[in-house]
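Report on the structure given below.
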Amino acid sequence: HHHRFAMATPQEVAVEGMKEPLLRFHACCEGDVASIAGLLSAMSGQQLPPPIVCSLMNIDPDALTAQVQAGKTPSATEEQFLNGMRAALDDNDTAEMYLGVIEKQITLEEQRRANAAAREKVTISQEKAEELQERLLEHAKADEQLRAHLSNIRHVHDAWRESAGVEPSDPSKFPSVVASPQVVAMEGILKALHSSLLSPEERLAFSLAPEEEAGGFLVERLAAYRQDAASPLAASMRSLCSWLAGELTGETLPPDILGQDSEVVRALDAALAASLSAPDFQAQVSATLGDV
């Protein structure tokens, strides 16, 4: 005996039962894909990356790329969001299982948005900026994960010197060329250092929730003070970079070379460019990386 009418699937029934809070969540986060990924992760109890969430919502990756290039936050329409929810649920899922989680995520989202608005108004005084900057160097030296990362890259450098019999007095043949920017990823390292620098009290003062990433905010706020090459912050930043370079390469990089538009740097840039395009150098890089 067949039904002439298609029955609603369990997923459709469940989403219908959560539709009101789901639409409130969508309105609150303005369809932000990252927020939707956070909701689905909370519902499923495992981290779901945005690309997977987009495929659940049947959103074309190219459309997202276009949004990003236009300077917009990647977002989904109400309909895409509800479809994604239907696609994400199992046959035995019910609305009751998730109503509490959705409400909690709405509260978190509202809090995040309120924090972001409050952070816009936060100013960091010169005095506070200098104190944070001073702590940064000590903080870096005490960071076990960072030291492990740096010593891994140092390993590449040492292998390079040994395997190639390279005379390191020619800096354009330095292994930093080999240990490419992705491995060093200095920007990410600095962000993470900044993020873990703050005490719970400071996070509160800067309107940062415990799980919020503080690095981007701090880097941006301290940047203004670091622009002035004569400032204590800039000098301290040069010391940090000098220390990092020493740990990474085993070479001493005097802090005062940094931040100068110097002949030395320009000559090195030109030599690096020449090295990188030479076939024998490329072959040497491949061989060393193979060994490592």
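Just so we're on the same page: first chain in the structure tokens is A, next is B, and so on; residues restart at 1 for each chain, and ligands are numbered from 1 in the order they show up.
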
### Task
Tell me which protein, DNA and RNA residues are within 12 Å of segment 204-216 of chain A, counting only C-alpha atoms, leaving out same-chain ones fewer than 5 positions away, and put them as an MDAnalysis selection string.
chainID A and resid 108:124 128 136 187:199 221:223

### Query
Could you name the residues that touch Glu138 of chain A at 12 Å or less, counting only C-alpha atoms, but leaving out those on the same chain fewer than 2 positions away, as a PyMOL selection string?
chain A and resi 131-136+140-143+193-194+197+236-237+239-240+243-244

### Task
Within 10 Å of Arg238 of chain A, counting only C-alpha atoms, which residues show up once you throw out same-chain ones fewer than 4 positions away? Write them as an NGL selection string, please.
:A and (226 or 229 or 232-234 or 242-244 or 253-259)

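Nearest-residue note for Glu247 of chain A: choosing from A:Ser151, A:Thr9, A:Thr65, A:Asn58, the minimum distance belongs to A:Ser151, counting only C-alpha atoms.
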
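With only C-alpha atoms as the atoms that count, the residue of A:Met43, A:Leu89, A:Leu146, A:Met186 with the shortest distance to Gln105 of chain A is A:Met43.
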
### Message
With only C-alpha atoms as the counted atoms, please give the residues lying no more than 12 Å from Ile52 of chain A, apart from itself and same-chain residues fewer than 4 positions off, as number ranges by chain.
### Response
A: 33-34, 36-38, 40-41, 47-48, 56-61, 84, 87-88

Could you write out that same residue set with N, CA and C atoms as a compact mmCIF listing (two decimals), in the first residue's frame?
# COMPACT_ATOMS: atom_id res chain seq x y z
N VAL A 33 28.58 32.41 7.75
CA VAL A 33 28.90 30.99 7.58
C VAL A 33 29.72 30.46 8.77
N ALA A 34 30.64 31.29 9.28
CA ALA A 34 31.46 30.84 10.41
C ALA A 34 30.59 30.60 11.65
N ILE A 36 27.37 29.81 11.59
CA ILE A 36 26.56 28.61 11.31
C ILE A 36 27.40 27.35 11.54
N ALA A 37 28.68 27.42 11.15
CA ALA A 37 29.59 26.29 11.39
C ALA A 37 29.71 26.05 12.90
N GLY A 38 29.75 27.14 13.68
CA GLY A 38 29.83 27.03 15.14
C GLY A 38 28.58 26.36 15.71
N LEU A 40 26.46 24.27 14.09
CA LEU A 40 26.43 22.85 13.70
C LEU A 40 27.46 22.05 14.48
N SER A 41 28.62 22.67 14.77
CA SER A 41 29.64 21.99 15.57
C SER A 41 29.11 21.73 16.98
N GLN A 47 34.02 19.44 15.65
CA GLN A 47 34.35 20.62 14.87
C GLN A 47 33.99 20.40 13.40
N LEU A 48 33.10 21.19 12.86
CA LEU A 48 32.79 21.09 11.43
C LEU A 48 33.36 22.33 10.74
N LEU A 56 27.02 21.25 2.94
CA LEU A 56 25.72 20.83 3.50
C LEU A 56 24.62 21.81 3.06
N MET A 57 24.96 23.09 3.02
CA MET A 57 23.98 24.11 2.65
C MET A 57 23.87 24.25 1.12
N ASN A 58 24.71 23.46 0.44
CA ASN A 58 24.68 23.45 -1.02
C ASN A 58 25.06 24.82 -1.58
N ILE A 59 26.02 25.47 -0.94
CA ILE A 59 26.48 26.78 -1.40
C ILE A 59 27.70 26.58 -2.29
N ASP A 60 27.68 27.20 -3.42
CA ASP A 60 28.78 27.11 -4.37
C ASP A 60 30.01 27.83 -3.81
N PRO A 61 31.16 27.12 -3.68
CA PRO A 61 32.37 27.75 -3.13
C PRO A 61 32.77 29.03 -3.88
N GLY A 84 20.54 23.39 4.90
CA GLY A 84 21.75 22.82 5.49
C GLY A 84 21.43 22.06 6.77
N ALA A 87 19.91 18.80 5.92
CA ALA A 87 20.93 17.88 5.40
C ALA A 87 21.82 17.34 6.52
N ALA A 88 21.97 18.13 7.58
CA ALA A 88 22.92 17.75 8.64
C ALA A 88 22.33 16.75 9.64

### Non-local contacts of Lys72 of chain A (12 Å; only C-alpha atoms; under 6 positions in same chain excluded) as a list in words
Glu30, Gly31, Asp32, Val33, Ala63, Leu64, Thr65 and Ala66 of chain A

Now that the selection is made, can you save its residues with all heavy atoms as a PDB file, in the first residue's frame?
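Once written, out08.pdb looks like this:
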ATOM      1  N   GLU A  30      23.333  37.194  11.094  1.00  0.00           N
ATOM      2  CA  GLU A  30      23.251  37.705   9.716  1.00  0.00           C
ATOM      3  C   GLU A  30      23.717  36.653   8.702  1.00  0.00           C
ATOM      4  O   GLU A  30      24.320  36.981   7.685  1.00  0.00           O
ATOM      5  CB  GLU A  30      24.065  38.997   9.587  1.00  0.00           C
ATOM      6  CG  GLU A  30      23.510  40.111  10.465  1.00  0.00           C
ATOM      7  CD  GLU A  30      24.406  41.341  10.540  1.00  0.00           C
ATOM      8  OE1 GLU A  30      25.493  41.323   9.917  1.00  0.00           O
ATOM      9  OE2 GLU A  30      24.024  42.309  11.204  1.00  0.00           O
ATOM     10  N   GLY A  31      23.446  35.379   9.017  1.00  0.00           N
ATOM     11  CA  GLY A  31      23.768  34.308   8.068  1.00  0.00           C
ATOM     12  C   GLY A  31      25.251  34.012   7.931  1.00  0.00           C
ATOM     13  O   GLY A  31      25.663  33.287   7.019  1.00  0.00           O
ATOM     14  N   ASP A  32      26.056  34.537   8.849  1.00  0.00           N
ATOM     15  CA  ASP A  32      27.505  34.346   8.788  1.00  0.00           C
ATOM     16  C   ASP A  32      27.857  32.851   8.791  1.00  0.00           C
ATOM     17  O   ASP A  32      27.491  32.116   9.703  1.00  0.00           O
ATOM     18  CB  ASP A  32      28.130  35.040  10.010  1.00  0.00           C
ATOM     19  CG  ASP A  32      29.652  34.939  10.037  1.00  0.00           C
ATOM     20  OD1 ASP A  32      30.217  34.129   9.296  1.00  0.00           O
ATOM     21  OD2 ASP A  32      30.263  35.683  10.815  1.00  0.00           O
ATOM     22  N   VAL A  33      28.575  32.411   7.747  1.00  0.00           N
ATOM     23  CA  VAL A  33      28.903  30.990   7.584  1.00  0.00           C
ATOM     24  C   VAL A  33      29.715  30.462   8.770  1.00  0.00           C
ATOM     25  O   VAL A  33      29.500  29.345   9.245  1.00  0.00           O
ATOM     26  CB  VAL A  33      29.650  30.754   6.243  1.00  0.00           C
ATOM     27  CG1 VAL A  33      30.269  29.370   6.201  1.00  0.00           C
ATOM     28  CG2 VAL A  33      28.694  30.949   5.067  1.00  0.00           C
ATOM     29  N   ALA A  63      30.803  31.195  -5.182  1.00  0.00           N
ATOM     30  CA  ALA A  63      29.942  32.292  -4.726  1.00  0.00           C
ATOM     31  C   ALA A  63      30.509  32.894  -3.441  1.00  0.00           C
ATOM     32  O   ALA A  63      30.485  34.110  -3.237  1.00  0.00           O
ATOM     33  CB  ALA A  63      28.524  31.783  -4.489  1.00  0.00           C
ATOM     34  N   LEU A  64      31.035  32.020  -2.564  1.00  0.00           N
ATOM     35  CA  LEU A  64      31.634  32.493  -1.314  1.00  0.00           C
ATOM     36  C   LEU A  64      32.884  33.307  -1.588  1.00  0.00           C
ATOM     37  O   LEU A  64      33.098  34.364  -1.000  1.00  0.00           O
ATOM     38  CB  LEU A  64      32.003  31.305  -0.425  1.00  0.00           C
ATOM     39  CG  LEU A  64      30.863  30.627   0.321  1.00  0.00           C
ATOM     40  CD1 LEU A  64      31.419  29.579   1.245  1.00  0.00           C
ATOM     41  CD2 LEU A  64      30.043  31.631   1.101  1.00  0.00           C
ATOM     42  N   THR A  65      33.724  32.788  -2.493  1.00  0.00           N
ATOM     43  CA  THR A  65      34.957  33.497  -2.855  1.00  0.00           C
ATOM     44  C   THR A  65      34.612  34.890  -3.367  1.00  0.00           C
ATOM     45  O   THR A  65      35.257  35.873  -3.009  1.00  0.00           O
ATOM     46  CB  THR A  65      35.731  32.713  -3.937  1.00  0.00           C
ATOM     47  OG1 THR A  65      35.828  31.350  -3.515  1.00  0.00           O
ATOM     48  CG2 THR A  65      37.116  33.278  -4.142  1.00  0.00           C
ATOM     49  N   ALA A  66      33.560  34.962  -4.171  1.00  0.00           N
ATOM     50  CA  ALA A  66      33.131  36.259  -4.712  1.00  0.00           C
ATOM     51  C   ALA A  66      32.729  37.205  -3.582  1.00  0.00           C
ATOM     52  O   ALA A  66      33.071  38.388  -3.602  1.00  0.00           O
ATOM     53  CB  ALA A  66      31.972  36.067  -5.694  1.00  0.00           C
TER      54      ALA A  66
END

### Task
Compare A:Cys54, A:Val101, A:Ala148, A:Gly17 by their minimum atom-to-atom distance to Gln80 of chain A, counting only C-alpha atoms, and give me the closest one.
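Smallest separation from Gln80 of chain A among the options: A:Cys54.
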